[in-house]
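See structure below.
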Amino acid sequence: MLRKQIALLGAGLALALFPLGAALAETTPAHIDTSGVNMQPAYPSSAFTQQEKGNVVVRAHVEEDGKVNKVEIHKSSNYDDLDTAAANTVLNWKFVPAMDDGKPTASYVDVQLVFEPPAEAPPPAH
């Protein structure tokens with residue numbers, strides 16, 4: 001079984017712990033849309049042979065509509081295939097945009113993805 005964890009760093013994590021009323025405040029940071037629209041990255045088959053594992057922190061630029069228009073690796077796992085899988089995944093995620101004075105605004109958010117190798121080799125890519 002593939003074990004992955006996703007966590008927001010900094011203010012985004014604190015926001016997730018606030019009651020709903022606080023999340024509706026006029027000024028909030030961008031955060032992951034938790035409605036189930038975001039898929040976790042698959043463990044790269046290229047990483048299985050060496051049993052690569054590690055944390056990747058991706059910095060995403062979230063637009064006013066919650067779409068990501070740019071990502072960069074803020075903290076590398078030291079494995080290119082894990083970093084690439086994390087960046088490509090976050091680039092396609094949907095976020096709740098930051099709010100400034102009650103209006104959606106573009107901002108940056110850091111997302112940490114943790115990769116652990118699965119117990120069995122993934123099926124070959126087609």
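Chain identifiers are assigned as A, B, and so on, following the order in which chains appear in the structure tokens; residues are numbered from 1 within each chain, and ligands are numbered from 1 in order of appearance.
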
List as a CSV table (one decimal) with N, CA and C atoms, in the first residue's frame the protein and nucleic acid residues near range 56-67 of chain A, meaning an atom at most 8 Å away when only C-alpha atoms are counted, but skip any in the same chain fewer than 3 places from it.
chain,number,residue,atom,x,y,z
A,30,ALA,N,-4.4,31.2,0.9
A,30,ALA,CA,-4.8,30.2,0.0
A,30,ALA,C,-4.6,28.8,0.7
A,70,LYS,N,1.8,28.3,-11.6
A,70,LYS,CA,3.2,28.1,-11.6
A,70,LYS,C,3.6,27.3,-10.3
A,71,VAL,N,4.6,26.4,-10.4
A,71,VAL,CA,5.1,25.7,-9.3
A,71,VAL,C,6.6,25.7,-9.3
A,72,GLU,N,7.2,25.6,-8.2
A,72,GLU,CA,8.6,25.4,-8.1
A,72,GLU,C,8.9,24.5,-6.9
A,73,ILE,N,10.0,23.8,-7.0
A,73,ILE,CA,10.4,23.0,-5.8
A,73,ILE,C,11.1,23.9,-4.8
A,74,HIS,N,10.5,24.0,-3.6
A,74,HIS,CA,11.0,24.8,-2.6
A,74,HIS,C,12.0,24.0,-1.7
A,75,LYS,N,11.7,22.7,-1.5
A,75,LYS,CA,12.6,21.8,-0.8
A,75,LYS,C,12.5,20.5,-1.6
A,76,SER,N,13.7,20.1,-2.0
A,76,SER,CA,13.8,18.8,-2.8
A,76,SER,C,13.9,17.6,-2.0
A,77,SER,N,13.4,16.5,-2.5
A,77,SER,CA,13.5,15.2,-1.9
A,77,SER,C,14.9,14.6,-2.2
A,82,LEU,N,10.8,12.0,-7.8
A,82,LEU,CA,9.8,12.3,-6.8
A,82,LEU,C,9.4,13.8,-6.9
A,83,ASP,N,10.5,14.6,-7.1
A,83,ASP,CA,10.2,16.1,-7.2
A,83,ASP,C,9.3,16.4,-8.4
A,86,ALA,N,5.7,15.3,-7.7
A,86,ALA,CA,5.0,16.3,-6.8
A,86,ALA,C,4.7,17.6,-7.5
A,87,ALA,N,5.6,18.1,-8.3
A,87,ALA,CA,5.3,19.4,-9.0
A,87,ALA,C,4.2,19.2,-10.0
A,90,VAL,N,0.8,19.0,-8.0
A,90,VAL,CA,0.3,20.2,-7.5
A,90,VAL,C,-0.1,21.2,-8.6
A,91,LEU,N,0.6,21.2,-9.7
A,91,LEU,CA,0.2,22.1,-10.8
A,91,LEU,C,-1.2,21.9,-11.3
A,92,ASN,N,-1.7,20.7,-11.1
A,92,ASN,CA,-3.1,20.4,-11.5
A,92,ASN,C,-4.1,20.4,-10.4
A,93,TRP,N,-3.7,20.7,-9.2
A,93,TRP,CA,-4.7,20.8,-8.1
A,93,TRP,C,-5.5,22.0,-8.1
A,94,LYS,N,-6.6,22.0,-7.4
A,94,LYS,CA,-7.5,23.1,-7.2
A,94,LYS,C,-7.3,23.6,-5.8
A,95,PHE,N,-7.3,24.9,-5.6
A,95,PHE,CA,-7.1,25.5,-4.3
A,95,PHE,C,-8.2,26.5,-4.0
A,96,VAL,N,-8.4,26.8,-2.8
A,96,VAL,CA,-9.3,27.9,-2.4
A,96,VAL,C,-8.4,29.1,-2.3
A,97,PRO,N,-8.7,30.1,-3.1
A,97,PRO,CA,-7.8,31.3,-3.2
A,97,PRO,C,-7.7,32.0,-1.9
A,98,ALA,N,-6.6,32.8,-1.8
A,98,ALA,CA,-6.5,33.7,-0.6
A,98,ALA,C,-7.5,34.8,-0.8
A,104,PRO,N,-11.1,37.5,-3.6
A,104,PRO,CA,-10.0,36.6,-4.0
A,104,PRO,C,-8.8,37.3,-4.5
A,105,THR,N,-7.7,36.8,-4.1
A,105,THR,CA,-6.4,37.4,-4.6
A,105,THR,C,-5.4,36.3,-4.9
A,106,ALA,N,-4.5,36.5,-5.8
A,106,ALA,CA,-3.4,35.5,-6.1
A,106,ALA,C,-2.4,35.6,-5.0
A,107,SER,N,-1.8,34.4,-4.7
A,107,SER,CA,-0.8,34.3,-3.6
A,107,SER,C,0.0,33.0,-3.8
A,108,TYR,N,1.0,32.8,-3.0
A,108,TYR,CA,1.8,31.6,-3.0
A,108,TYR,C,1.4,30.8,-1.8
A,109,VAL,N,1.5,29.4,-1.9
A,109,VAL,CA,1.3,28.5,-0.8
A,109,VAL,C,2.3,27.4,-1.0
A,110,ASP,N,2.8,26.9,0.1
A,110,ASP,CA,3.7,25.8,0.2
A,110,ASP,C,2.9,24.5,0.5
A,111,VAL,N,3.2,23.4,-0.2
A,111,VAL,CA,2.5,22.1,0.0
A,111,VAL,C,3.6,21.1,0.1
A,112,GLN,N,3.5,20.3,1.2
A,112,GLN,CA,4.5,19.2,1.4
A,112,GLN,C,3.8,17.9,1.0
A,113,LEU,N,4.6,17.1,0.2
A,113,LEU,CA,4.1,15.7,-0.2
A,113,LEU,C,5.2,14.8,0.3
A,114,VAL,N,4.8,13.7,0.9
A,114,VAL,CA,5.7,12.7,1.5
A,114,VAL,C,5.5,11.4,0.7

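For the choices A:Asn55, A:Thr27, A:Ala85, A:Asn78, the atom-to-atom distance to Gln40 in chain A is smallest for A:Ala85 when using only C-alpha atoms.
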
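All residues in range 37-78 of chain A with a DSSP state of strand (DSSP E), computed from the backbone, read Gly54, Asn55, Val56, Val57, Val58, Arg59, Ala60, His61, Val62, Val68, Asn69, Lys70, Val71, Glu72, Ile73, His74 and Lys75 of chain A.
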
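Residues surrounding Phe48 in chain A within 10 Å are Tyr43, Pro44, Ser45, Gln51, Glu52, Lys53, Glu116, Pro117, Pro118, Ala119, Glu120, Ala121 and Pro122 of chain A [only C-alpha atoms; sequence separation below 3 positions excluded].
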
Could the residues in this selection be saved with C-alpha atoms as a tab-separated table (two decimals), in the first residue's frame?
chain	number	residue	atom	x	y	z
A	43	TYR	CA	4.61	6.74	-6.60
A	44	PRO	CA	6.89	6.92	-9.68
A	45	SER	CA	7.77	3.46	-11.02
A	51	GLN	CA	13.26	2.43	-2.93
A	52	GLU	CA	13.39	6.22	-3.05
A	53	LYS	CA	11.52	8.07	-0.34
A	116	GLU	CA	7.14	6.18	0.65
A	117	PRO	CA	7.81	3.22	-1.66
A	118	PRO	CA	4.98	0.71	-1.98
A	119	ALA	CA	5.47	-2.83	-0.66
A	120	GLU	CA	5.10	-4.22	-4.20
A	121	ALA	CA	6.42	-2.91	-7.50
A	122	PRO	CA	3.92	-0.75	-9.36

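Put simply, CA of Asn88 in chain A is 14.2 Å away from CA of Phe115 in chain A.
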